[in-house]
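See below for data-v1.pdb, which holds PDB, C-alpha atoms.
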MODEL        1
ATOM      1  CA  MET U   1     131.723 104.102 105.291  1.00  0.00           C
ATOM      2  CA  LYS U   2     130.169 106.800 107.435  1.00  0.00           C
ATOM      3  CA  LYS U   3     127.493 105.520 109.786  1.00  0.00           C
ATOM      4  CA  ILE U   4     124.352 107.301 110.786  1.00  0.00           C
ATOM      5  CA  SER U   5     123.130 106.955 114.370  1.00  0.00           C
ATOM      6  CA  CYS U   6     119.835 107.684 115.993  1.00  0.00           C
ATOM      7  CA  LEU U   7     118.817 108.023 119.604  1.00  0.00           C
ATOM      8  CA  ILE U   8     116.077 105.737 120.801  1.00  0.00           C
ATOM      9  CA  LEU U   9     114.407 106.365 124.114  1.00  0.00           C
ATOM     10  CA  LEU U  10     113.791 103.189 126.081  1.00  0.00           C
ATOM     11  CA  VAL U  11     111.521 103.150 129.087  1.00  0.00           C
ATOM     12  CA  VAL U  12     112.353 100.236 131.347  1.00  0.00           C
ATOM     13  CA  LEU U  13     110.326  99.168 134.355  1.00  0.00           C
ATOM     14  CA  ILE U  14     112.394  97.842 137.193  1.00  0.00           C
ATOM     15  CA  SER U  15     110.238  95.404 139.128  1.00  0.00           C
ATOM     16  CA  CYS U  16     112.444  95.226 142.209  1.00  0.00           C
ATOM     17  CA  ASN U  17     111.851  98.828 143.268  1.00  0.00           C
ATOM     18  CA  LYS U  18     108.900  99.620 140.984  1.00  0.00           C
ATOM     19  CA  LYS U  19     110.641 102.766 139.719  1.00  0.00           C
ATOM     20  CA  LYS U  20     110.857 103.867 136.100  1.00  0.00           C
ATOM     21  CA  TYR U  21     113.921 105.325 134.486  1.00  0.00           C
ATOM     22  CA  THR U  22     114.998 106.177 130.985  1.00  0.00           C
ATOM     23  CA  GLU U  23     118.100 105.058 129.217  1.00  0.00           C
ATOM     24  CA  VAL U  24     119.459 106.634 126.041  1.00  0.00           C
ATOM     25  CA  VAL U  25     121.313 104.284 123.700  1.00  0.00           C
ATOM     26  CA  GLU U  26     122.820 104.713 120.259  1.00  0.00           C
ATOM     27  CA  VAL U  27     121.579 102.428 117.485  1.00  0.00           C
ATOM     28  CA  PRO U  28     123.534 102.447 114.210  1.00  0.00           C
ATOM     29  CA  LEU U  29     121.452 102.746 111.063  1.00  0.00           C
ATOM     30  CA  PRO U  30     122.634 101.710 107.591  1.00  0.00           C
ATOM     31  CA  SER U  31     124.024 104.472 105.436  1.00  0.00           C
ATOM     32  CA  ALA U  32     122.460 105.399 102.124  1.00  0.00           C
ATOM     33  CA  GLN U  33     125.282 103.569 100.354  1.00  0.00           C
ATOM     34  CA  GLU U  34     124.609 100.236 102.015  1.00  0.00           C
ATOM     35  CA  LYS U  35     122.539  97.812  99.967  1.00  0.00           C
ATOM     36  CA  ILE U  36     119.606  95.923 101.409  1.00  0.00           C
ATOM     37  CA  THR U  37     119.859  92.322 100.298  1.00  0.00           C
ATOM     38  CA  VAL U  38     116.800  90.326  99.320  1.00  0.00           C
ATOM     39  CA  GLY U  39     116.363  86.603  98.996  1.00  0.00           C
ATOM     40  CA  MET U  40     115.105  84.433  96.176  1.00  0.00           C
ATOM     41  CA  PRO U  41     111.422  83.632  95.510  1.00  0.00           C
ATOM     42  CA  ASP U  42     112.207  79.919  95.195  1.00  0.00           C
ATOM     43  CA  ASP U  43     113.495  79.897  98.771  1.00  0.00           C
ATOM     44  CA  VAL U  44     110.034  80.700 100.137  1.00  0.00           C
ATOM     45  CA  LYS U  45     108.048  77.595 101.062  1.00  0.00           C
ATOM     46  CA  ALA U  46     104.640  77.245 102.657  1.00  0.00           C
ATOM     47  CA  GLU U  47     103.980  74.767 105.430  1.00  0.00           C
ATOM     48  CA  ASP U  48     102.466  71.411 104.466  1.00  0.00           C
ATOM     49  CA  GLY U  49      98.824  71.762 103.526  1.00  0.00           C
ATOM     50  CA  SER U  50      96.246  71.749 100.769  1.00  0.00           C
ATOM     51  CA  PHE U  51      97.639  74.865  99.076  1.00  0.00           C
ATOM     52  CA  GLN U  52     101.161  75.868  98.186  1.00  0.00           C
ATOM     53  CA  LEU U  53     102.585  79.147  96.976  1.00  0.00           C
ATOM     54  CA  GLU U  54     102.104  80.017  93.338  1.00  0.00           C
ATOM     55  CA  LYS U  55     105.623  80.218  91.960  1.00  0.00           C
ATOM     56  CA  LEU U  56     106.631  83.804  91.271  1.00  0.00           C
ATOM     57  CA  PRO U  57     107.352  83.798  87.508  1.00  0.00           C
ATOM     58  CA  TYR U  58     110.154  86.390  87.759  1.00  0.00           C
ATOM     59  CA  GLY U  59     112.782  87.623  90.204  1.00  0.00           C
ATOM     60  CA  TYR U  60     112.082  90.157  92.910  1.00  0.00           C
ATOM     61  CA  ASP U  61     113.955  92.817  90.957  1.00  0.00           C
ATOM     62  CA  ALA U  62     112.342  92.077  87.579  1.00  0.00           C
ATOM     63  CA  LEU U  63     109.608  94.734  87.815  1.00  0.00           C
ATOM     64  CA  SER U  64     111.877  97.581  88.889  1.00  0.00           C
ATOM     65  CA  PRO U  65     111.567 100.559  88.807  1.00  0.00           C
ATOM     66  CA  ASN U  66     107.783 100.170  88.781  1.00  0.00           C
ATOM     67  CA  LEU U  67     107.883  97.895  91.831  1.00  0.00           C
ATOM     68  CA  SER U  68     111.051  97.527  93.851  1.00  0.00           C
ATOM     69  CA  ALA U  69     112.686  94.241  94.810  1.00  0.00           C
ATOM     70  CA  LEU U  70     112.129  95.048  98.484  1.00  0.00           C
ATOM     71  CA  THR U  71     108.399  95.585  97.962  1.00  0.00           C
ATOM     72  CA  LEU U  72     107.989  92.352  96.018  1.00  0.00           C
ATOM     73  CA  GLU U  73     109.988  90.293  98.494  1.00  0.00           C
ATOM     74  CA  MET U  74     108.033  91.629 101.447  1.00  0.00           C
ATOM     75  CA  HIS U  75     104.737  91.146  99.657  1.00  0.00           C
ATOM     76  CA  TYR U  76     105.478  87.623  98.405  1.00  0.00           C
ATOM     77  CA  SER U  77     107.521  86.128 101.237  1.00  0.00           C
ATOM     78  CA  LYS U  78     105.605  87.695 104.134  1.00  0.00           C
ATOM     79  CA  HIS U  79     102.023  88.636 103.262  1.00  0.00           C
ATOM     80  CA  TYR U  80     101.298  85.986 100.627  1.00  0.00           C
ATOM     81  CA  LEU U  81     103.055  83.270 102.621  1.00  0.00           C
ATOM     82  CA  THR U  82     101.057  84.148 105.721  1.00  0.00           C
ATOM     83  CA  TYR U  83      97.741  83.958 103.878  1.00  0.00           C
ATOM     84  CA  THR U  84      98.727  80.571 102.457  1.00  0.00           C
ATOM     85  CA  ASN U  85      99.752  79.074 105.776  1.00  0.00           C
ATOM     86  CA  ASN U  86      96.720  80.470 107.574  1.00  0.00           C
ATOM     87  CA  LEU U  87      94.366  79.167 104.876  1.00  0.00           C
ATOM     88  CA  ASN U  88      95.778  75.667 105.213  1.00  0.00           C
ATOM     89  CA  LYS U  89      95.313  75.778 108.982  1.00  0.00           C
ATOM     90  CA  ALA U  90      91.775  77.151 108.717  1.00  0.00           C
ATOM     91  CA  ILE U  91      90.459  74.423 106.395  1.00  0.00           C
ATOM     92  CA  VAL U  92      92.070  71.374 108.002  1.00  0.00           C
ATOM     93  CA  GLY U  93      89.366  68.864 108.859  1.00  0.00           C
ATOM     94  CA  THR U  94      86.640  70.789 106.992  1.00  0.00           C
ATOM     95  CA  PRO U  95      84.787  69.827 103.781  1.00  0.00           C
ATOM     96  CA  LEU U  96      86.845  72.531 102.017  1.00  0.00           C
ATOM     97  CA  GLU U  97      90.179  70.828 102.592  1.00  0.00           C
ATOM     98  CA  ASN U  98      90.333  68.895  99.315  1.00  0.00           C
ATOM     99  CA  LEU U  99      88.666  71.413  97.002  1.00  0.00           C
ATOM    100  CA  THR U 100      90.251  73.764  94.478  1.00  0.00           C
ATOM    101  CA  ILE U 101      90.670  77.357  95.598  1.00  0.00           C
ATOM    102  CA  GLU U 102      87.865  78.452  93.250  1.00  0.00           C
ATOM    103  CA  GLU U 103      85.557  75.885  94.849  1.00  0.00           C
ATOM    104  CA  VAL U 104      86.590  77.023  98.322  1.00  0.00           C
ATOM    105  CA  LEU U 105      85.741  80.627  97.449  1.00  0.00           C
ATOM    106  CA  SER U 106      82.339  79.739  96.011  1.00  0.00           C
ATOM    107  CA  LYS U 107      81.338  77.526  98.961  1.00  0.00           C
ATOM    108  CA  LEU U 108      82.866  79.205 102.017  1.00  0.00           C
ATOM    109  CA  ASP U 109      80.771  80.753 104.754  1.00  0.00           C
ATOM    110  CA  VAL U 110      81.369  84.504 104.490  1.00  0.00           C
ATOM    111  CA  ASN U 111      80.789  84.762 108.252  1.00  0.00           C
ATOM    112  CA  ASP U 112      83.891  82.634 108.838  1.00  0.00           C
ATOM    113  CA  ALA U 113      86.492  85.400 108.845  1.00  0.00           C
ATOM    114  CA  ALA U 114      89.521  83.100 109.023  1.00  0.00           C
ATOM    115  CA  ILE U 115      88.640  81.124 105.903  1.00  0.00           C
ATOM    116  CA  ARG U 116      87.152  84.087 104.035  1.00  0.00           C
ATOM    117  CA  ASN U 117      90.138  86.392 104.533  1.00  0.00           C
ATOM    118  CA  ASN U 118      92.862  83.811 103.986  1.00  0.00           C
ATOM    119  CA  ALA U 119      91.232  82.037 101.033  1.00  0.00           C
ATOM    120  CA  GLY U 120      90.716  85.435  99.422  1.00  0.00           C
ATOM    121  CA  GLY U 121      94.267  86.488 100.227  1.00  0.00           C
ATOM    122  CA  TYR U 122      95.655  83.314  98.702  1.00  0.00           C
ATOM    123  CA  TYR U 123      93.613  83.472  95.483  1.00  0.00           C
ATOM    124  CA  ASN U 124      93.913  87.226  94.973  1.00  0.00           C
ATOM    125  CA  HIS U 125      97.686  87.278  95.291  1.00  0.00           C
ATOM    126  CA  SER U 126      98.126  84.150  93.165  1.00  0.00           C
ATOM    127  CA  LEU U 127      96.345  85.938  90.318  1.00  0.00           C
ATOM    128  CA  TYR U 128      98.086  89.269  90.964  1.00  0.00           C
ATOM    129  CA  TRP U 129     101.583  87.785  90.440  1.00  0.00           C
ATOM    130  CA  LYS U 130     100.550  86.313  87.085  1.00  0.00           C
ATOM    131  CA  CYS U 131      99.065  89.607  85.929  1.00  0.00           C
ATOM    132  CA  MET U 132     102.506  91.235  85.920  1.00  0.00           C
ATOM    133  CA  ALA U 133     105.684  90.572  83.955  1.00  0.00           C
ATOM    134  CA  PRO U 134     108.957  92.303  83.102  1.00  0.00           C
ATOM    135  CA  LYS U 135     109.065  94.124  79.766  1.00  0.00           C
ATOM    136  CA  ALA U 136     105.272  94.078  79.638  1.00  0.00           C
ATOM    137  CA  GLY U 137     102.598  96.776  79.573  1.00  0.00           C
ATOM    138  CA  GLY U 138     101.185  98.141  76.354  1.00  0.00           C
ATOM    139  CA  GLN U 139      97.725  96.978  75.306  1.00  0.00           C
ATOM    140  CA  PRO U 140      95.892  93.664  74.978  1.00  0.00           C
ATOM    141  CA  LYS U 141      95.578  91.903  71.648  1.00  0.00           C
ATOM    142  CA  ASP U 142      93.267  89.485  69.859  1.00  0.00           C
ATOM    143  CA  SER U 143      89.977  88.512  71.516  1.00  0.00           C
ATOM    144  CA  LEU U 144      90.497  90.544  74.682  1.00  0.00           C
ATOM    145  CA  ALA U 145      91.261  93.677  72.668  1.00  0.00           C
ATOM    146  CA  SER U 146      88.059  93.200  70.677  1.00  0.00           C
ATOM    147  CA  ALA U 147      86.038  92.603  73.844  1.00  0.00           C
ATOM    148  CA  MET U 148      87.368  95.812  75.390  1.00  0.00           C
ATOM    149  CA  ILE U 149      86.275  97.825  72.367  1.00  0.00           C
ATOM    150  CA  LYS U 150      82.861  96.150  72.502  1.00  0.00           C
ATOM    151  CA  ASP U 151      82.294  96.581  76.247  1.00  0.00           C
ATOM    152  CA  PHE U 152      84.186  99.809  77.033  1.00  0.00           C
ATOM    153  CA  GLY U 153      84.396 101.565  73.668  1.00  0.00           C
ATOM    154  CA  SER U 154      88.194 101.552  73.649  1.00  0.00           C
ATOM    155  CA  PHE U 155      91.232 100.451  75.624  1.00  0.00           C
ATOM    156  CA  GLU U 156      91.682 104.051  76.733  1.00  0.00           C
ATOM    157  CA  ASN U 157      88.175 104.077  78.199  1.00  0.00           C
ATOM    158  CA  PHE U 158      88.911 100.869  80.068  1.00  0.00           C
ATOM    159  CA  SER U 159      92.216 102.212  81.354  1.00  0.00           C
ATOM    160  CA  THR U 160      90.604 105.408  82.624  1.00  0.00           C
ATOM    161  CA  LEU U 161      87.772 103.525  84.341  1.00  0.00           C
ATOM    162  CA  PHE U 162      90.087 100.952  85.942  1.00  0.00           C
ATOM    163  CA  LYS U 163      92.446 103.622  87.277  1.00  0.00           C
ATOM    164  CA  GLU U 164      89.574 105.703  88.619  1.00  0.00           C
ATOM    165  CA  GLU U 165      88.059 102.723  90.433  1.00  0.00           C
ATOM    166  CA  ALA U 166      91.429 101.733  91.920  1.00  0.00           C
ATOM    167  CA  THR U 167      92.164 105.302  93.032  1.00  0.00           C
ATOM    168  CA  LYS U 168      88.823 105.830  94.759  1.00  0.00           C
ATOM    169  CA  GLN U 169      88.738 102.444  96.533  1.00  0.00           C
ATOM    170  CA  PHE U 170      88.526 103.409 100.184  1.00  0.00           C
ATOM    171  CA  GLY U 171      90.988 101.632 102.449  1.00  0.00           C
ATOM    172  CA  SER U 172      92.335  98.187 101.715  1.00  0.00           C
ATOM    173  CA  GLY U 173      91.018  96.157  98.814  1.00  0.00           C
ATOM    174  CA  TRP U 174      91.345  95.078  95.192  1.00  0.00           C
ATOM    175  CA  THR U 175      90.356  96.343  91.757  1.00  0.00           C
ATOM    176  CA  TRP U 176      89.357  93.757  89.156  1.00  0.00           C
ATOM    177  CA  LEU U 177      88.692  93.247  85.498  1.00  0.00           C
ATOM    178  CA  ILE U 178      86.190  90.409  85.362  1.00  0.00           C
ATOM    179  CA  VAL U 179      84.042  88.480  82.929  1.00  0.00           C
ATOM    180  CA  ASP U 180      80.543  88.658  84.394  1.00  0.00           C
ATOM    181  CA  ARG U 181      77.925  85.933  84.187  1.00  0.00           C
ATOM    182  CA  ALA U 182      76.663  87.327  80.890  1.00  0.00           C
ATOM    183  CA  GLY U 183      80.153  87.146  79.365  1.00  0.00           C
ATOM    184  CA  LYS U 184      80.705  90.900  79.498  1.00  0.00           C
ATOM    185  CA  LEU U 185      83.832  92.645  80.762  1.00  0.00           C
ATOM    186  CA  GLN U 186      83.313  94.677  83.924  1.00  0.00           C
ATOM    187  CA  VAL U 187      85.506  96.656  86.323  1.00  0.00           C
ATOM    188  CA  THR U 188      84.745  96.282  90.016  1.00  0.00           C
ATOM    189  CA  ASN U 189      86.250  96.736  93.482  1.00  0.00           C
ATOM    190  CA  THR U 190      86.156  94.552  96.572  1.00  0.00           C
ATOM    191  CA  GLN U 191      87.047  95.299 100.180  1.00  0.00           C
ATOM    192  CA  ASN U 192      89.882  93.654 102.084  1.00  0.00           C
ATOM    193  CA  GLN U 193      90.564  90.178 100.616  1.00  0.00           C
ATOM    194  CA  ASP U 194      87.124  89.607  99.105  1.00  0.00           C
ATOM    195  CA  ASN U 195      86.816  88.865  95.393  1.00  0.00           C
ATOM    196  CA  PRO U 196      84.140  88.418  92.712  1.00  0.00           C
ATOM    197  CA  LEU U 197      84.069  84.628  93.122  1.00  0.00           C
ATOM    198  CA  MET U 198      82.568  84.865  96.599  1.00  0.00           C
ATOM    199  CA  ARG U 199      78.844  84.593  97.193  1.00  0.00           C
ATOM    200  CA  ASN U 200      78.718  88.061  98.760  1.00  0.00           C
ATOM    201  CA  ALA U 201      80.187  89.775  95.674  1.00  0.00           C
ATOM    202  CA  LEU U 202      78.245  92.856  94.551  1.00  0.00           C
ATOM    203  CA  MET U 203      79.368  92.136  90.980  1.00  0.00           C
ATOM    204  CA  PRO U 204      80.066  88.413  90.624  1.00  0.00           C
ATOM    205  CA  GLY U 205      82.204  87.059  87.817  1.00  0.00           C
ATOM    206  CA  LYS U 206      85.494  85.455  86.834  1.00  0.00           C
ATOM    207  CA  PRO U 207      88.529  87.673  87.583  1.00  0.00           C
ATOM    208  CA  ILE U 208      91.056  87.990  84.767  1.00  0.00           C
ATOM    209  CA  LEU U 209      93.093  90.979  86.034  1.00  0.00           C
ATOM    210  CA  ALA U 210      93.775  91.845  89.678  1.00  0.00           C
ATOM    211  CA  LEU U 211      95.305  94.945  91.244  1.00  0.00           C
ATOM    212  CA  ASP U 212      96.179  94.935  94.937  1.00  0.00           C
ATOM    213  CA  VAL U 213      95.513  98.356  96.461  1.00  0.00           C
ATOM    214  CA  TRP U 214      96.402  97.435 100.035  1.00  0.00           C
ATOM    215  CA  GLU U 215      99.100  99.820 101.290  1.00  0.00           C
ATOM    216  CA  HIS U 216     101.616  97.000 101.717  1.00  0.00           C
ATOM    217  CA  ALA U 217     101.573  96.538  97.921  1.00  0.00           C
ATOM    218  CA  TYR U 218     103.021  99.983  97.226  1.00  0.00           C
ATOM    219  CA  TYR U 219     103.849 102.030 100.321  1.00  0.00           C
ATOM    220  CA  LEU U 220     107.607 101.366 100.345  1.00  0.00           C
ATOM    221  CA  ASP U 221     107.827 102.681  96.780  1.00  0.00           C
ATOM    222  CA  TYR U 222     105.100 105.316  96.553  1.00  0.00           C
ATOM    223  CA  GLN U 223     104.111 106.142 100.148  1.00  0.00           C
ATOM    224  CA  TYR U 224     100.607 107.659 100.098  1.00  0.00           C
ATOM    225  CA  LYS U 225     100.624 108.252  96.324  1.00  0.00           C
ATOM    226  CA  ARG U 226      98.438 105.344  95.280  1.00  0.00           C
ATOM    227  CA  LYS U 227      97.725 106.921  91.902  1.00  0.00           C
ATOM    228  CA  ASN U 228     101.420 106.723  90.984  1.00  0.00           C
ATOM    229  CA  TYR U 229     101.443 103.035  91.876  1.00  0.00           C
ATOM    230  CA  ILE U 230      98.365 102.422  89.730  1.00  0.00           C
ATOM    231  CA  ASP U 231      99.982 104.166  86.775  1.00  0.00           C
ATOM    232  CA  ALA U 232     103.140 102.090  87.284  1.00  0.00           C
ATOM    233  CA  PHE U 233     101.079  98.890  87.390  1.00  0.00           C
ATOM    234  CA  PHE U 234      99.976  99.538  83.807  1.00  0.00           C
ATOM    235  CA  ASN U 235     103.639  99.459  82.799  1.00  0.00           C
ATOM    236  CA  VAL U 236     103.960  95.840  83.927  1.00  0.00           C
ATOM    237  CA  ILE U 237     100.553  94.308  83.138  1.00  0.00           C
ATOM    238  CA  ASN U 238     101.069  90.959  81.445  1.00  0.00           C
ATOM    239  CA  TRP U 239      98.400  91.353  78.767  1.00  0.00           C
ATOM    240  CA  LYS U 240      99.320  88.024  77.202  1.00  0.00           C
ATOM    241  CA  GLN U 241      98.377  86.233  80.432  1.00  0.00           C
ATOM    242  CA  VAL U 242      95.301  88.390  80.966  1.00  0.00           C
ATOM    243  CA  GLY U 243      94.191  87.550  77.420  1.00  0.00           C
ATOM    244  CA  GLU U 244      94.590  83.848  78.188  1.00  0.00           C
ATOM    245  CA  ASN U 245      92.569  84.347  81.363  1.00  0.00           C
ATOM    246  CA  TYR U 246      89.844  85.985  79.288  1.00  0.00           C
ATOM    247  CA  ASP U 247      89.756  83.190  76.716  1.00  0.00           C
ATOM    248  CA  ALA U 248      89.479  80.588  79.491  1.00  0.00           C
ATOM    249  CA  ALA U 249      86.710  82.523  81.229  1.00  0.00           C
ATOM    250  CA  VAL U 250      84.476  82.927  78.186  1.00  0.00           C
ATOM    251  CA  LYS U 251      84.832  79.283  77.208  1.00  0.00           C
ATOM    252  CA  LYS U 252      83.311  78.077  80.472  1.00  0.00           C
TER     253      LYS U 252
ENDMDL
END

Rewritten as structure tokens:
Amino acid sequence: MKKISCLILLVVLISCNKKKYTEVVEVPLPSAQEKITVGMPDDVKAEDGSFQLEKLPYGYDALSPNLSALTLEMHYSKHYLTYTNNLNKAIVGTPLENLTIEEVLSKLDVNDAAIRNNAGGYYNHSLYWKCMAPKAGGQPKDSLASAMIKDFGSFENFSTLFKEEATKQFGSGWTWLIVDRAGKLQVTNTQNQDNPLMRNALMPGKPILALDVWEHAYYLDYQYKRKNYIDAFFNVINWKQVGENYDAAVKK
């Protein structure tokens, strides 16, 4: 197999004579034919603590070609794992340690960046995984379908609004379908790892569908083309689960 090489320029400081010199070395890169191997979701474990990883309900390759195995593995085993471990460390010895994640989000001090960012990161991603499934997409059914017609006029209107909100979200953040406090469906955005359960939410409510629009969620597959990622997300939305989320939200 033919190898590709690149030249990397290394600048090394020699402390003994305080002179700088450059050294050119060859670093082999994998060829296009070489496969990048990924692990298994079940192999990823959080450190001991109040919260553990939500089990990924499908393999890393199950959402391809809409989301690649490499993107999902990186997202789940690196970003999500880090939020989980950091959340557990941040709440040790605090009154939040033995609460549910929803209770943590509703009670946390939004000025405490460590708890706010990591609790949000844990909850947001836990919901995001469940909102997707292989061989999914299409449209919602039953009570959620009726609610969309009532609150948006049609599924198409909802889809257009959701995609527009996700596309225009500036920087890192999330786009949500929520049930607001009046029981109505709403589409809203939040910055960074905030979500509508937090006390600082501009539009508070119960999230039932989450879309991660941080660059790490799509950049390996779509680069700067966030709109393409958003369109692909609609191919894998698990409307059965989102419908169950809706039914649970309106019953409370």

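Evaluated on this file, the PyMOL selection byres ((chain U and resi 172-176) around 7) matches U:Glu165, U:Ala166, U:Phe170, U:Gly171, U:Leu177, U:Ile178, U:Val187, U:Thr188, U:Asn189, U:Thr190, U:Gln191, U:Asn192, U:Gln193, U:Pro207, U:Leu209, U:Ala210, U:Leu211, U:Asp212, U:Val213, U:Trp214, U:Glu215.
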
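The residue that comes closest to Lys206 of chain U, out of U:Ala133, U:Leu105, U:Ala90, U:Val110 and on the basis of all atoms listed in the file, is U:Leu105.
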
Distance query segment 137-153 of chain U at most 6 Å, all atoms listed in the file, self and fewer than 6 positions along chain excluded, as a VMD selection string: chain U and resid 234 to 237 239 243

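Between Leu56 of chain U and the residues U:His75, U:Arg181, U:Lys135, U:Lys107, the shortest atom-to-atom distance, using all atoms listed in the file, involves U:His75.
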
Taking the file as shown, what set of residues would the PyMOL selection byres ((chain U and resi 116-127) around 7) give back, as a CSV table (one decimal) with C-alpha atoms, keeping the file's coordinate frame?
chain,number,residue,atom,x,y,z
U,54,GLU,CA,102.1,80.0,93.3
U,80,TYR,CA,101.3,86.0,100.6
U,83,TYR,CA,97.7,84.0,103.9
U,84,THR,CA,98.7,80.6,102.5
U,86,ASN,CA,96.7,80.5,107.6
U,87,LEU,CA,94.4,79.2,104.9
U,101,ILE,CA,90.7,77.4,95.6
U,105,LEU,CA,85.7,80.6,97.4
U,108,LEU,CA,82.9,79.2,102.0
U,110,VAL,CA,81.4,84.5,104.5
U,112,ASP,CA,83.9,82.6,108.8
U,113,ALA,CA,86.5,85.4,108.8
U,114,ALA,CA,89.5,83.1,109.0
U,115,ILE,CA,88.6,81.1,105.9
U,128,TYR,CA,98.1,89.3,91.0
U,129,TRP,CA,101.6,87.8,90.4
U,130,LYS,CA,100.6,86.3,87.1
U,131,CYS,CA,99.1,89.6,85.9
U,193,GLN,CA,90.6,90.2,100.6
U,194,ASP,CA,87.1,89.6,99.1
U,195,ASN,CA,86.8,88.9,95.4
U,210,ALA,CA,93.8,91.8,89.7

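Distances from U:Leu67, U:Ile230, U:Met40, U:Ala249 to Lys163 of chain U were compared using only C-alpha atoms, and the smallest one belongs to U:Ile230.
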
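The interatomic distance for the pair atom CA of Asp221 of chain U and atom CA of Val44 of chain U works out to 22.3 Å.
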
At a cut-off of 8 Å, using all atoms listed in the file, what residues contact Glu97 of chain U? Leave out same-chain residues fewer than 4 positions from it and give the result as a compact mmCIF listing (two decimals) with C-alpha atoms, in the coordinates of the input.
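Result saved to out25.txt:
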# COMPACT_ATOMS: atom_id res chain seq x y z
CA SER U 50 96.25 71.75 100.77
CA ASN U 88 95.78 75.67 105.21
CA ILE U 91 90.46 74.42 106.40
CA VAL U 92 92.07 71.37 108.00
CA GLY U 93 89.37 68.86 108.86

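Here atom CA of Ser64 of chain U is placed at a distance of 16.8 Å from atom CA of Arg226 of chain U.
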
Have a look at U:Phe233, U:Tyr246, U:Tyr218, U:Tyr76 and name the one nearest to Leu185 of chain U; count all atoms listed in the file. U:Tyr246

Atom pair atom CA of Asn228 of chain U / atom CA of Val38 of chain U: separation (Å): 24.0 Å
